[in-house]
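Notes follow the structure.
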Amino acid sequence: MKILMIATNNIKKAKVATATLIILIAITTIFLYVGISVLSNMDSFIDKKNTQSNGAHLISINDGTHNQEIRDIYESIESYSYSEEETGMISMSSAFQNIDVGEEVYRISSIFLNLDTPRQISRVDIIDKTDQMPQNGVIVPYILKVVNGYQTGDTLKLMVDDASIELEIAGFYEDLMFASPSNVSMYKLYVGDQQFSEFLSQSAYGSKCTYMAVITKNINESESFETQSAKKIENILPEGTGSCFTLSYGTMKTGVSVFINIIMAVLVSFSIIILVIAAIVIKFSTTTHIENNIKNIGTLEAMGYTSRQIICSILLEYLMIATVAFVVGLGAALLISPMITNVVSSAIGLGWATGLDLKAVLTSLSVILIAVLGIAYFSAYKIKKITPLVALRNGVQTHHFGKNRFPLERTKLNLNTAMGLKALMLNKGQNAIAGLIIMLLSLVSVFALAAYYNFSIDQTAMIKLIGLETAEVQLTALVDEEQIFSEIAAMPEVEDVIRLNSFDGMIQFKGQESGVNTRITEDYSRLKVNTCVKGRMPAHDNEIAITSIVLGNLGAQMGDTVAIDYNGISQEFLVVGVIQQFNMLGKGAAITTAGMKKLVPSYQEQNLMVYLAQGQETDKFITKINNHYGKEQILCNSYFESIEMMLKSFETSMKIVVTACLGMIAVIIVFILFLVIRVRLLRERTRLGVSKALGFTANQLIGQIIISEMPVIIGAAVVGAIAGYFATNPLLALMLAANGILNCDFYVDPSLVLFTAIGISLLGLTTVLLVAGKIRKISPCKMFEEGVD
Amino acid sequence: MENTILRAEMLSKTYSNGSIMQHVLKNLNIEIAEGDFTVIMGSSGSGKSTLLYALSGMDKPTLGTIDFRGEEISKYNNDQLAIFRRKHCGFVFQQIYLNDTMTVLDNIMISGLLVSRDKKTIASRAKELLHQVGMDDTCYDKYPSQLSGGEAQRVAIVRALINAPEIVFADEPTGALNSTNAVNVLDVLTEVNASGQSIIMVTHDIKTARRANRILYLKDGVIIDELSLGTYVKDDPKRHGRLREFLESMGW
Ligand SMILES: Nc1ncnc2c1ncn2[C@@H]1O[C@H](COP(=O)(O)OP(=O)(O)O)[C@@H](O)[C@H]1O
Ligand SMILES: [Mg+2]
């Protein structure tokens with residue numbers, strides 16, 4: 001207990017250092033706990049959500065012409081358990097607008113189901129239900145509530161070509177399969193019996209389809225169920241018309257959580273950076289504590305304390321601080337949990353709800369305690385080398401024999417500048433530490449700002465990461481494509497057209513197999529978005545480019561020969577390049593049209609990407625095409641808008657996370673500077689008092705402190721911001737490595753660098769002025785009376 | 001007095017330690033003549049340092065006025081006081097208080113450069129003064145921790161003199177020195193006084209006090225009596241006797 005007394009006494013003496021550490025460790029706790037609890041619970045959370053409504057393991061939508069065959073195929077697969085099917089209405093060119101929240105019209109395809117159909121699979125639990133389902137009531141995905149702010153009672157206008165109808169939102173549902181348009185760009189909507197029959201009876205809004213839901217024996221193998229069934233379904237459907245659309249639980253689950261998992265991984269990395277800063281502060285204050293108290297330590301040792309006991313008292317001090325800070329941080333994390341819930345819910349499109357997660361609490365506590373106690377022990381260890389005699393004799397006295405910097409007799413600088421710079425050189429150690437921390441934080445700020453910029457303001461780089469083309473419209477010609485495509489290319493609204501198609505197939509290498517979405521186009525150099533990161537895109541009929549994720553799955557490399565299996569025909573391709581894409585969970589490949597013709601000799605490109613000229617409206621163009629050709633000749637839908645929507649759904653989460661990070665960074669900078677300058681003022685209070693007595697005014701002394709601190713702050717802010725300029729993309733690539741991203745092209749606007757450098761410098765200046773202002777209040781003799789002790 | 005340089009009237013200083021008010025100086029009236037060597041004596045805690053700091057404009061009195069050559073400095077704000085101190089006052093402290101991160105020369109120059117920007121003149125004046133107090137060329141680039149206590153105090157005196165102040169305030173300048181060093185330092189101060197600068201010194205020590213031509217005795221915040229000794233003459237046994245008698249009558 002004597003050790004406890006020494007420890008509490010140390011804490012009382014070092015108030016600012018203690019406060020700084022508490023803040024740092026509390027922030028670490030918040031981020032670490034939130035990150036770990038979301039990351040570790042995501043999987044089981046989604047599983048549990050799905051179990052609650054007996055969610056489907058696989059769903060498929062087809063035009064109803066092959067129901068029996070498809071059902072037979074599902075039943076023939078070993079892991080099949082049971083299934084359900086119902087009639088739906090699918091609308092490929094639907095557009096929506098919630099009139100009450102004042103949003104713009106956006107295009108997204110949709111499927112309408114009958115709410116009153118009895119179902120066992122994917123039961124609809126309505127959130128925010130109206131008392132009475134209105135005749136035109138519609139139940140919409142939960143994500144529209146959290147991201148877009150929809151409320152029950154709002155009017156949702158549905159527009160398909162020239163027809164439009166107003167529906168009333170009567171509640172929300174959660175279903176992993178259709179949780180977020182970022183994952184599958186289609187809405188599943190439920191309407192009442194009467195409305196549903198009305199939809200079906202008039203063809204203006206869409207066409208009749210069959211919606212099948214399958215439960216398998218093992219939910220974790222839904223993806224393999226999907227590939228097995230897909231292969232067989234391909235064989236029964238007429239070639240080229242991909243009229244059976246399938247989603248599996250596994251793919252959707254990964255897809256829905258990938259973004260939030262990345263954000264949480266970033267939060268955990270950020271918390272580790274802060275923990276490193278806390279470690280630096282501990283090292284710094286332990287070293288100064290030992291220096292300042294070497295006499296006391298000597299006295300304690302002379303009294304018979306062992307150095308181990310003294311080290312223990314230091315460890316105990318940090319143990320108490322870390323524990324208090326952890327409790328504070330955990331409390332804060334629980335306090336802000338509604339915000340976290342909102343961030344996670346808007347990212348995954350399911351209502352996130354978890355209580356206190358004990359496992360995450362223990363994990364983050366142990367990470368923090370190990371780091372704090374480890375660094376404290378490491379810093380305090382040198383006490384072992386101090387014998388009482390040495391401590392008592394050489395105590396306090398610090399000898400300066402260093403080089404005389406800026407000798408006043410010869411320097412050209414004015415007095416205050418010279419004094420400030422002298423102090424700058426004297427406090428090299430501390431300044432280096434403060435500089436390092438500010439540099440690190442400046443770098444992180446640029447990174448956070450750049451991430452926000454690329455997500456929300458200029459999304460070019462994000463689109464490149466996702467790996468989709470920027471064409472506004474995608475269309476499929478059902479007849480006479482040569483004729484139709486050349487007509488469209490000649491339209492005045494059209495800037496460019498590219499024939500681009502893709503198919504889902506299997507790719508094989510040395511007995512390994514992987515599902516992959518393969519793109520087909522004549523000339524890859526014409527694409528607007530280049531996804532190639534190594535080697536080159538295919539140019540000849542025997543060449544292929546593959547994503548690093550698929551290459552990893554196959555164990556193949558550039559230069560290897562892989563085989564593609566399509567409709568029973570197998571063909572070999574040479575890997576000439578590595579591509580990257582977020583899209584399709586990074587499972588992609590690319591071959592040329594000539595290459596595709598080797599697989600399917602009769603292959604005709606029926607898909608066209610249409611890039612509209614500047615200022616052209618997608619909606620108008622689609623309506624024009626539909627009116628001109630009719631649905632028998634052409635299928636036309638918006639393409640790029642859905643990507644923009646997906647990015648928009650991330651925007652909310654990004655904004656909160658980036659703002660929180662920047663706020664924390666500001667708090668840390670203020671506290672670190674507060675600590676450094678307070679320690680300095682305390683240590684130099686005698687010297688400052690004497691300077692005042694000699695006739696220095698408070699302003700002169702404050703000026704000297706500014707001159708001695710600001711170069712470090714500004715320098716560190718500038719260097720850190722510039723480093724952030726160069727490090728943002730490599731760091732991002734590192735974080736996304738698991739998603740198969742090797743290379744990022746985020747645009748880091750130089751103004752962000754400038755803004756960060758200036759912002760941090762100003763923040764630093766304000767803090768320095770605020771802390772140094774204390775000099776003003778104290779009269780000269782009071783200062784050194786305190787100094788005498 | 002015609003050649004009064006510093007005058008304090010009805011000077012009071014009260015400290016409040018929490019709820020307890022402590023009246024350290026009580027309605028003091030003092031006049032210091034130009035060229036005087038004044039010593040303030042009194043038992044520990046009687047308010048000697050407080051008086052010294054109030055007179056020198058380091059601390060503001062609670063009540064009363066102080067004027068310097070007719071200028072009421074007790075009205076000054078902190079910055080005006082700082083400027084007053086740098087121009088007109090020199091300080092010597094018991095704890096010496098040299099800046100131990102700076103060389104001897106720089107320690108002196110920081111004071112000098114507050115008043116003049118002429119580095120060359122200040123440096124040569126500093127060197128000249130260092131010679132006068134018996135320090136040789138080798139000391140310029142030394143750090144305070146490389147000096148003996150007496151040497152350090154002599155450097156501090158040079159620092160106090162660099163701006164040729166009218167008054168030098170010294171708070172127990174020999175308190176931390178051995179007797180040889182103390183005599184050395186006192187000789188310097190006596191010489192300074194002989195060249196016309198006023199000195200106000202607080203001391204505990206009778207041998208130190210006898211350098212003065214005027215002794216003030218402070219008790220419980222009031223000057224209860226004073227003694228005029230005349231100009232200092234070395235080894236004057238009568239002077240010592242008078243002083244001892246005076247102090248004994250004060251209850252020393
Ligand atoms: N800043 C202060 N705050 C409160 N009390 C003070 C302060 N400075 C001095 N005192 C008190 O004033 C009294 C006189 O102090 P001081 O002038 O230093 O005495 P001396 O120098 O004669 O020993 C002492 O009792 C001391 O405790
Ligand atoms: Mg005193």
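Residue numbering restarts at 1 in every chain; chains get A, B, ... in the order shown in the structure tokens, and ligands count up from 1 in that same order.
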
Write as a VMD selection string the residues around ligand 2, taking 9 Å as the cut-off and counting only C-alpha atoms and all ligand atoms.
-> chain B and resid 44 to 50 52 94 171 to 172 202 to 203

Quick one: write out the picked residues with N, CA and C atoms as a PDB file, in the first residue's frame?
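Saved as part11.pdb:
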ATOM      1  N   SER B  44      13.545  36.703  10.230  1.00  0.00           N
ATOM      2  CA  SER B  44      12.991  35.959   9.112  1.00  0.00           C
ATOM      3  C   SER B  44      11.468  36.060   9.104  1.00  0.00           C
ATOM      4  N   GLY B  45      10.891  36.348   7.978  1.00  0.00           N
ATOM      5  CA  GLY B  45       9.439  36.444   7.875  1.00  0.00           C
ATOM      6  C   GLY B  45       8.898  37.810   8.209  1.00  0.00           C
ATOM      7  N   SER B  46       9.808  38.774   8.481  1.00  0.00           N
ATOM      8  CA  SER B  46       9.317  40.093   8.878  1.00  0.00           C
ATOM      9  C   SER B  46       8.862  40.922   7.673  1.00  0.00           C
ATOM     10  N   GLY B  47       9.123  40.443   6.475  1.00  0.00           N
ATOM     11  CA  GLY B  47       8.627  41.158   5.304  1.00  0.00           C
ATOM     12  C   GLY B  47       9.695  41.870   4.508  1.00  0.00           C
ATOM     13  N   LYS B  48      10.960  41.525   4.725  1.00  0.00           N
ATOM     14  CA  LYS B  48      12.062  42.219   4.054  1.00  0.00           C
ATOM     15  C   LYS B  48      11.997  42.042   2.528  1.00  0.00           C
ATOM     16  N   SER B  49      11.865  40.766   2.100  1.00  0.00           N
ATOM     17  CA  SER B  49      11.821  40.522   0.650  1.00  0.00           C
ATOM     18  C   SER B  49      10.593  41.184   0.045  1.00  0.00           C
ATOM     19  N   THR B  50       9.484  41.081   0.756  1.00  0.00           N
ATOM     20  CA  THR B  50       8.250  41.689   0.258  1.00  0.00           C
ATOM     21  C   THR B  50       8.443  43.182   0.028  1.00  0.00           C
ATOM     22  N   LEU B  52      11.303  44.713  -0.491  1.00  0.00           N
ATOM     23  CA  LEU B  52      12.244  44.910  -1.582  1.00  0.00           C
ATOM     24  C   LEU B  52      11.543  44.788  -2.929  1.00  0.00           C
ATOM     25  N   GLN B  94      19.644  35.806  -3.766  1.00  0.00           N
ATOM     26  CA  GLN B  94      20.382  34.818  -2.983  1.00  0.00           C
ATOM     27  C   GLN B  94      20.645  33.550  -3.812  1.00  0.00           C
ATOM     28  N   ASP B 171      18.752  40.805  -2.718  1.00  0.00           N
ATOM     29  CA  ASP B 171      18.080  40.067  -1.640  1.00  0.00           C
ATOM     30  C   ASP B 171      19.011  38.974  -1.141  1.00  0.00           C
ATOM     31  N   GLU B 172      19.643  39.249   0.009  1.00  0.00           N
ATOM     32  CA  GLU B 172      20.611  38.331   0.595  1.00  0.00           C
ATOM     33  C   GLU B 172      21.597  37.791  -0.433  1.00  0.00           C
ATOM     34  N   VAL B 202      18.929  43.436   1.233  1.00  0.00           N
ATOM     35  CA  VAL B 202      18.389  42.733   2.398  1.00  0.00           C
ATOM     36  C   VAL B 202      19.464  41.785   2.880  1.00  0.00           C
ATOM     37  N   THR B 203      19.709  41.781   4.152  1.00  0.00           N
ATOM     38  CA  THR B 203      20.661  40.787   4.641  1.00  0.00           C
ATOM     39  C   THR B 203      20.356  40.373   6.066  1.00  0.00           C
TER      40      THR B 203
END

Given only C-alpha atoms and all ligand atoms, how would the per-residue table for chain B near ligand 1 read, listing every residue at most 12 Å away with its closest atom pair and distance in Å to one decimal, sorted by chain and number, as CSV?
residue,atom,partner,partner_atom_place_in_ligand_line,distance
B:Ser12,CA,ligand 1,12 (O),11.8
B:Lys13,CA,ligand 1,12 (O),8.8
B:Thr14,CA,ligand 1,5 (N),8.1
B:Tyr15,CA,ligand 1,4 (C),4.9
B:Ser16,CA,ligand 1,4 (C),6.3
B:Asn17,CA,ligand 1,4 (C),5.8
B:Gly18,CA,ligand 1,4 (C),9.4
B:Ser19,CA,ligand 1,4 (C),11.6
B:Ile20,CA,ligand 1,4 (C),9.9
B:Met21,CA,ligand 1,4 (C),9.0
B:Gln22,CA,ligand 1,5 (N),7.1
B:His23,CA,ligand 1,12 (O),7.8
B:Val24,CA,ligand 1,12 (O),5.3
B:Leu25,CA,ligand 1,14 (C),8.3
B:Lys26,CA,ligand 1,14 (C),11.7
B:Ile40,CA,ligand 1,22 (O),9.1
B:Met41,CA,ligand 1,22 (O),8.0
B:Gly42,CA,ligand 1,22 (O),6.5
B:Ser43,CA,ligand 1,22 (O),6.3
B:Ser44,CA,ligand 1,23 (O),3.9
B:Gly45,CA,ligand 1,19 (O),3.5
B:Ser46,CA,ligand 1,22 (O),4.1
B:Gly47,CA,ligand 1,17 (O),3.2
B:Lys48,CA,ligand 1,22 (O),3.7
B:Ser49,CA,ligand 1,21 (O),3.8
B:Thr50,CA,ligand 1,17 (O),3.7
B:Leu51,CA,ligand 1,17 (O),6.5
B:Leu52,CA,ligand 1,17 (O),8.0
B:Tyr53,CA,ligand 1,17 (O),8.5
B:Ala54,CA,ligand 1,17 (O),9.9
B:Met58,CA,ligand 1,1 (N),11.8
B:Asp59,CA,ligand 1,1 (N),9.5
B:Lys60,CA,ligand 1,1 (N),11.4
B:Pro61,CA,ligand 1,1 (N),12.0
B:Phe93,CA,ligand 1,21 (O),11.7
B:Gln94,CA,ligand 1,21 (O),11.0
B:Ala170,CA,ligand 1,21 (O),11.6
B:Asp171,CA,ligand 1,21 (O),8.1
B:Glu172,CA,ligand 1,21 (O),9.0
B:Met201,CA,ligand 1,21 (O),11.2
B:Val202,CA,ligand 1,21 (O),7.9
B:Thr203,CA,ligand 1,21 (O),9.0
B:His204,CA,ligand 1,23 (O),9.3
B:Tyr217,CA,ligand 1,22 (O),10.6
B:Leu218,CA,ligand 1,22 (O),8.1
B:Lys219,CA,ligand 1,22 (O),8.7
B:Asp220,CA,ligand 1,14 (C),8.5
B:Gly221,CA,ligand 1,14 (C),8.1
B:Val222,CA,ligand 1,22 (O),11.3
B:Ile223,CA,ligand 1,22 (O),11.9

Which chain A residues are at most 6 Å from chain B (counting only C-alpha atoms), as an mmCIF file with N, CA and C atoms, in the first residue's frame?
data_model
loop_
_atom_site.group_PDB
_atom_site.id
_atom_site.type_symbol
_atom_site.label_atom_id
_atom_site.label_comp_id
_atom_site.auth_asym_id
_atom_site.auth_seq_id
_atom_site.Cartn_x
_atom_site.Cartn_y
_atom_site.Cartn_z
ATOM 1 N N HIS A 400 24.901 21.696 -18.418
ATOM 2 C CA HIS A 400 24.880 22.041 -19.837
ATOM 3 C C HIS A 400 26.281 22.398 -20.260
ATOM 4 N N LEU A 408 24.509 35.361 -28.397
ATOM 5 C CA LEU A 408 23.862 36.666 -28.567
ATOM 6 C C LEU A 408 24.826 37.737 -29.064
ATOM 7 N N GLU A 409 26.128 37.533 -28.771
ATOM 8 C CA GLU A 409 27.097 38.551 -29.175
ATOM 9 C C GLU A 409 27.202 38.618 -30.693
ATOM 10 N N LEU A 694 13.953 40.678 -14.657
ATOM 11 C CA LEU A 694 14.970 41.416 -15.404
ATOM 12 C C LEU A 694 14.349 42.442 -16.336
ATOM 13 N N GLY A 695 13.027 42.345 -16.542
ATOM 14 C CA GLY A 695 12.378 43.364 -17.352
ATOM 15 C C GLY A 695 11.773 42.852 -18.640
ATOM 16 N N PHE A 696 11.719 41.516 -18.828
ATOM 17 C CA PHE A 696 10.991 41.002 -19.983
ATOM 18 C C PHE A 696 9.498 41.151 -19.714
ATOM 19 N N THR A 697 8.746 41.598 -20.735
ATOM 20 C CA THR A 697 7.302 41.676 -20.547
ATOM 21 C C THR A 697 6.709 40.300 -20.855
#

Counting only C-alpha atoms, what is within 12 Å of Glu641 of chain A, bar same-chain residues fewer than 5 positions away, as a compact mmCIF listing (two decimals) with all heavy atoms, in the first residue's frame?
# COMPACT_ATOMS: atom_id res chain seq x y z
N ALA A 95 -38.44 3.95 -61.85
CA ALA A 95 -37.78 5.07 -61.19
C ALA A 95 -38.63 5.46 -59.99
O ALA A 95 -39.85 5.28 -60.00
CB ALA A 95 -37.63 6.24 -62.14
N GLU A 104 -34.38 13.61 -55.37
CA GLU A 104 -34.49 13.57 -56.82
C GLU A 104 -35.01 12.21 -57.26
O GLU A 104 -34.96 11.24 -56.51
CB GLU A 104 -33.11 13.80 -57.44
CG GLU A 104 -32.69 15.25 -57.37
CD GLU A 104 -31.26 15.43 -57.83
OE1 GLU A 104 -30.79 14.59 -58.63
OE2 GLU A 104 -30.63 16.39 -57.38
N VAL A 105 -35.47 12.15 -58.49
CA VAL A 105 -35.92 10.89 -59.07
C VAL A 105 -34.69 10.01 -59.27
O VAL A 105 -33.66 10.49 -59.72
CB VAL A 105 -36.58 11.14 -60.44
CG1 VAL A 105 -37.02 9.83 -61.07
CG2 VAL A 105 -37.76 12.09 -60.28
N TYR A 106 -34.73 8.76 -58.89
CA TYR A 106 -33.62 7.88 -59.25
C TYR A 106 -34.15 6.57 -59.81
O TYR A 106 -35.22 6.10 -59.47
CB TYR A 106 -32.68 7.64 -58.07
CG TYR A 106 -33.35 7.07 -56.85
CD1 TYR A 106 -33.51 5.70 -56.72
CD2 TYR A 106 -33.82 7.91 -55.86
CE1 TYR A 106 -34.14 5.18 -55.61
CE2 TYR A 106 -34.45 7.39 -54.76
CZ TYR A 106 -34.61 6.03 -54.63
OH TYR A 106 -35.23 5.52 -53.56
N ARG A 107 -33.33 6.03 -60.70
CA ARG A 107 -33.73 4.82 -61.42
C ARG A 107 -33.12 3.62 -60.75
O ARG A 107 -31.94 3.59 -60.47
CB ARG A 107 -33.22 4.88 -62.85
CG ARG A 107 -33.78 6.00 -63.63
CD ARG A 107 -33.47 5.84 -65.11
NE ARG A 107 -34.51 6.54 -65.82
CZ ARG A 107 -35.61 5.95 -66.26
NH1 ARG A 107 -35.77 4.64 -66.09
NH2 ARG A 107 -36.54 6.65 -66.86
N ILE A 108 -33.93 2.65 -60.48
CA ILE A 108 -33.44 1.38 -59.98
C ILE A 108 -34.49 0.35 -60.33
O ILE A 108 -35.69 0.63 -60.25
CB ILE A 108 -33.16 1.43 -58.45
CG1 ILE A 108 -32.58 0.12 -57.97
CG2 ILE A 108 -34.43 1.80 -57.66
CD1 ILE A 108 -31.94 0.20 -56.60
N SER A 109 -34.06 -0.81 -60.80
CA SER A 109 -35.06 -1.81 -61.15
C SER A 109 -35.69 -2.35 -59.87
O SER A 109 -35.14 -2.20 -58.78
CB SER A 109 -34.44 -2.92 -61.99
OG SER A 109 -33.20 -3.27 -61.49
N PRO A 181 -29.06 -1.31 -51.88
CA PRO A 181 -28.88 -1.20 -53.33
C PRO A 181 -27.41 -1.16 -53.70
O PRO A 181 -27.07 -1.31 -54.87
CB PRO A 181 -29.57 0.13 -53.68
CG PRO A 181 -29.66 0.87 -52.41
CD PRO A 181 -29.68 -0.12 -51.30
N SER A 182 -26.52 -0.97 -52.70
CA SER A 182 -25.11 -1.00 -53.02
C SER A 182 -24.68 -2.42 -53.34
O SER A 182 -23.66 -2.66 -53.93
CB SER A 182 -24.29 -0.47 -51.84
OG SER A 182 -24.39 -1.37 -50.77
N SER A 185 -28.52 -3.97 -57.17
CA SER A 185 -29.21 -2.74 -57.54
C SER A 185 -30.62 -3.05 -58.00
O SER A 185 -30.97 -2.92 -59.17
CB SER A 185 -28.43 -1.96 -58.59
OG SER A 185 -27.93 -2.83 -59.54
N ILE A 463 -14.98 4.79 -58.37
CA ILE A 463 -15.58 4.05 -59.48
C ILE A 463 -14.56 3.12 -60.08
O ILE A 463 -14.84 1.97 -60.41
CB ILE A 463 -16.13 5.04 -60.52
CG1 ILE A 463 -17.35 5.73 -59.91
CG2 ILE A 463 -16.47 4.35 -61.82
CD1 ILE A 463 -17.69 7.03 -60.55
N LEU A 468 -16.48 -0.64 -62.41
CA LEU A 468 -17.58 -0.61 -63.38
C LEU A 468 -17.37 0.56 -64.34
O LEU A 468 -16.75 1.55 -63.99
CB LEU A 468 -18.92 -0.46 -62.65
CG LEU A 468 -19.34 -1.66 -61.82
CD1 LEU A 468 -20.60 -1.34 -61.05
CD2 LEU A 468 -19.54 -2.89 -62.69
N GLU A 469 -17.93 0.43 -65.52
CA GLU A 469 -17.84 1.50 -66.50
C GLU A 469 -18.74 2.67 -66.12
O GLU A 469 -19.72 2.50 -65.38
CB GLU A 469 -18.25 0.97 -67.88
CG GLU A 469 -17.13 0.29 -68.62
CD GLU A 469 -15.99 1.25 -68.96
OE1 GLU A 469 -16.18 2.09 -69.83
OE2 GLU A 469 -14.92 1.16 -68.33
N THR A 470 -18.40 3.84 -66.63
CA THR A 470 -19.18 5.02 -66.27
C THR A 470 -20.30 5.31 -67.27
O THR A 470 -20.80 6.43 -67.34
CB THR A 470 -18.26 6.26 -66.20
OG1 THR A 470 -17.52 6.32 -67.41
CG2 THR A 470 -17.32 6.17 -65.03
N ALA A 471 -20.68 4.33 -68.01
CA ALA A 471 -21.76 4.53 -68.98
C ALA A 471 -23.06 4.79 -68.24
O ALA A 471 -23.36 4.15 -67.24
CB ALA A 471 -21.91 3.29 -69.85
N GLU A 472 -23.84 5.75 -68.74
CA GLU A 472 -25.09 6.09 -68.07
C GLU A 472 -26.16 5.04 -68.33
O GLU A 472 -27.03 4.80 -67.50
CB GLU A 472 -25.61 7.45 -68.55
CG GLU A 472 -24.89 8.65 -67.96
CD GLU A 472 -23.60 8.99 -68.68
OE1 GLU A 472 -23.22 8.26 -69.62
OE2 GLU A 472 -22.95 9.97 -68.28
N VAL A 473 -26.11 4.43 -69.52
CA VAL A 473 -27.18 3.52 -69.91
C VAL A 473 -26.59 2.20 -70.41
O VAL A 473 -25.55 2.18 -71.04
CB VAL A 473 -28.04 4.16 -71.03
CG1 VAL A 473 -29.12 3.19 -71.50
CG2 VAL A 473 -28.66 5.46 -70.54
N GLN A 474 -27.26 1.13 -70.04
CA GLN A 474 -26.86 -0.17 -70.55
C GLN A 474 -28.05 -0.73 -71.30
O GLN A 474 -29.17 -0.68 -70.79
CB GLN A 474 -26.52 -1.07 -69.37
CG GLN A 474 -26.14 -2.47 -69.77
CD GLN A 474 -25.93 -3.33 -68.55
OE1 GLN A 474 -26.68 -3.21 -67.59
NE2 GLN A 474 -24.93 -4.18 -68.57
N GLU A 617 -29.91 13.94 -70.00
CA GLU A 617 -30.52 13.25 -68.86
C GLU A 617 -30.79 11.79 -69.18
O GLU A 617 -31.38 11.47 -70.21
CB GLU A 617 -31.81 13.96 -68.47
CG GLU A 617 -31.53 15.19 -67.62
CD GLU A 617 -32.79 15.92 -67.26
OE1 GLU A 617 -33.82 15.26 -67.05
OE2 GLU A 617 -32.74 17.16 -67.22
N THR A 618 -30.34 10.96 -68.26
CA THR A 618 -30.48 9.52 -68.44
C THR A 618 -31.95 9.13 -68.64
O THR A 618 -32.29 8.37 -69.55
CB THR A 618 -29.92 8.81 -67.20
OG1 THR A 618 -28.65 9.36 -66.91
CG2 THR A 618 -29.77 7.33 -67.44
N ASP A 619 -32.79 9.66 -67.76
CA ASP A 619 -34.22 9.33 -67.79
C ASP A 619 -34.84 9.54 -69.16
O ASP A 619 -35.50 8.69 -69.71
CB ASP A 619 -34.99 10.26 -66.84
CG ASP A 619 -34.84 9.81 -65.44
OD1 ASP A 619 -34.10 8.82 -65.23
OD2 ASP A 619 -35.46 10.42 -64.55
N MET A 646 -25.18 3.71 -54.82
CA MET A 646 -24.45 2.88 -53.89
C MET A 646 -23.43 3.72 -53.12
O MET A 646 -23.30 3.63 -51.90
CB MET A 646 -23.75 1.78 -54.68
CG MET A 646 -22.48 1.31 -54.12
SD MET A 646 -21.90 0.02 -55.20
CE MET A 646 -20.27 -0.13 -54.59
N LEU A 647 -22.75 4.61 -53.85
CA LEU A 647 -21.78 5.47 -53.17
C LEU A 647 -22.49 6.39 -52.19
O LEU A 647 -21.98 6.67 -51.11
CB LEU A 647 -21.00 6.29 -54.20
CG LEU A 647 -20.02 5.45 -55.03
CD1 LEU A 647 -19.41 6.29 -56.13
CD2 LEU A 647 -18.93 4.88 -54.13
N LYS A 648 -23.69 6.81 -52.56
CA LYS A 648 -24.43 7.70 -51.68
C LYS A 648 -24.78 6.99 -50.38
O LYS A 648 -24.76 7.58 -49.30
CB LYS A 648 -25.70 8.15 -52.39
CG LYS A 648 -26.50 9.17 -51.59
CD LYS A 648 -27.73 9.61 -52.37
CE LYS A 648 -28.52 10.64 -51.64
NZ LYS A 648 -29.22 10.31 -50.49

Identify which of the residues A:Tyr211, A:Phe31, A:Phe199, A:Phe178 lies closest to Thr87 of chain A, counting only C-alpha atoms when measuring atom-to-atom distances.
-> A:Tyr211

May I have all residues of segment 451-681 of chain A that DSSP, computed from the backbone, assigns to alpha helix (DSSP H), given as JSON, numbers by chain?
-> {"A": [451, 452, 460, 461, 462, 463, 464, 465, 466, 481, 482, 483, 484, 485, 486, 487, 488, 489, 548, 549, 550, 551, 552, 553, 554, 593, 594, 595, 596, 597, 598, 599, 618, 619, 620, 621, 622, 623, 624, 625, 626, 627, 628, 629, 640, 641, 642, 643, 644, 645, 646, 647, 648, 649, 650, 651, 652, 653, 654, 655, 656, 657, 658, 659, 660, 661, 662, 663, 664, 665, 666, 667, 668, 669, 670, 671, 672, 673, 674, 675, 676, 677, 678, 679, 680, 681]}

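Nearest-residue note for Leu752 of chain A: choosing from A:Leu189, A:Leu585, A:Ala448, A:Met735, the minimum distance belongs to A:Ala448, counting only C-alpha atoms.
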
Spatial neighbours of Ala698 of chain A, max dist 10 Å, only C-alpha atoms, sep filter under 6 positions, as a list of chain:residue names | A:Leu688, A:Ser691, A:Lys692, A:Gln704, A:Ala772, A:Gly773, A:Lys774, A:Ile775, A:Arg776, A:Lys777, A:Ile778, A:Ser779, A:Pro780, B:Asn78, B:Asp79, B:Ala82

Export C-alpha atoms of the chosen residues as a short mmCIF file (atom, residue, chain, number, x, y, z; two decimals), in the first residue's frame?
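Produced file selection_9.cif, reproduced below:
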data_model
loop_
_atom_site.label_atom_id
_atom_site.label_comp_id
_atom_site.auth_asym_id
_atom_site.auth_seq_id
_atom_site.Cartn_x
_atom_site.Cartn_y
_atom_site.Cartn_z
CA LEU A 688 10.54 32.81 -16.53
CA SER A 691 13.23 36.96 -16.88
CA LYS A 692 10.22 38.96 -15.79
CA GLN A 704 9.67 33.41 -27.22
CA ALA A 772 1.46 30.30 -22.64
CA GLY A 773 -1.03 33.02 -21.69
CA LYS A 774 -0.67 31.73 -18.14
CA ILE A 775 2.62 33.60 -17.98
CA ARG A 776 0.68 36.84 -18.10
CA LYS A 777 -1.25 36.29 -14.91
CA ILE A 778 1.65 35.61 -12.62
CA SER A 779 3.71 38.36 -11.04
CA PRO A 780 7.48 37.95 -11.28
CA ASN B 78 2.71 44.92 -15.62
CA ASP B 79 4.28 45.80 -18.95
CA ALA B 82 8.76 45.45 -16.76
#
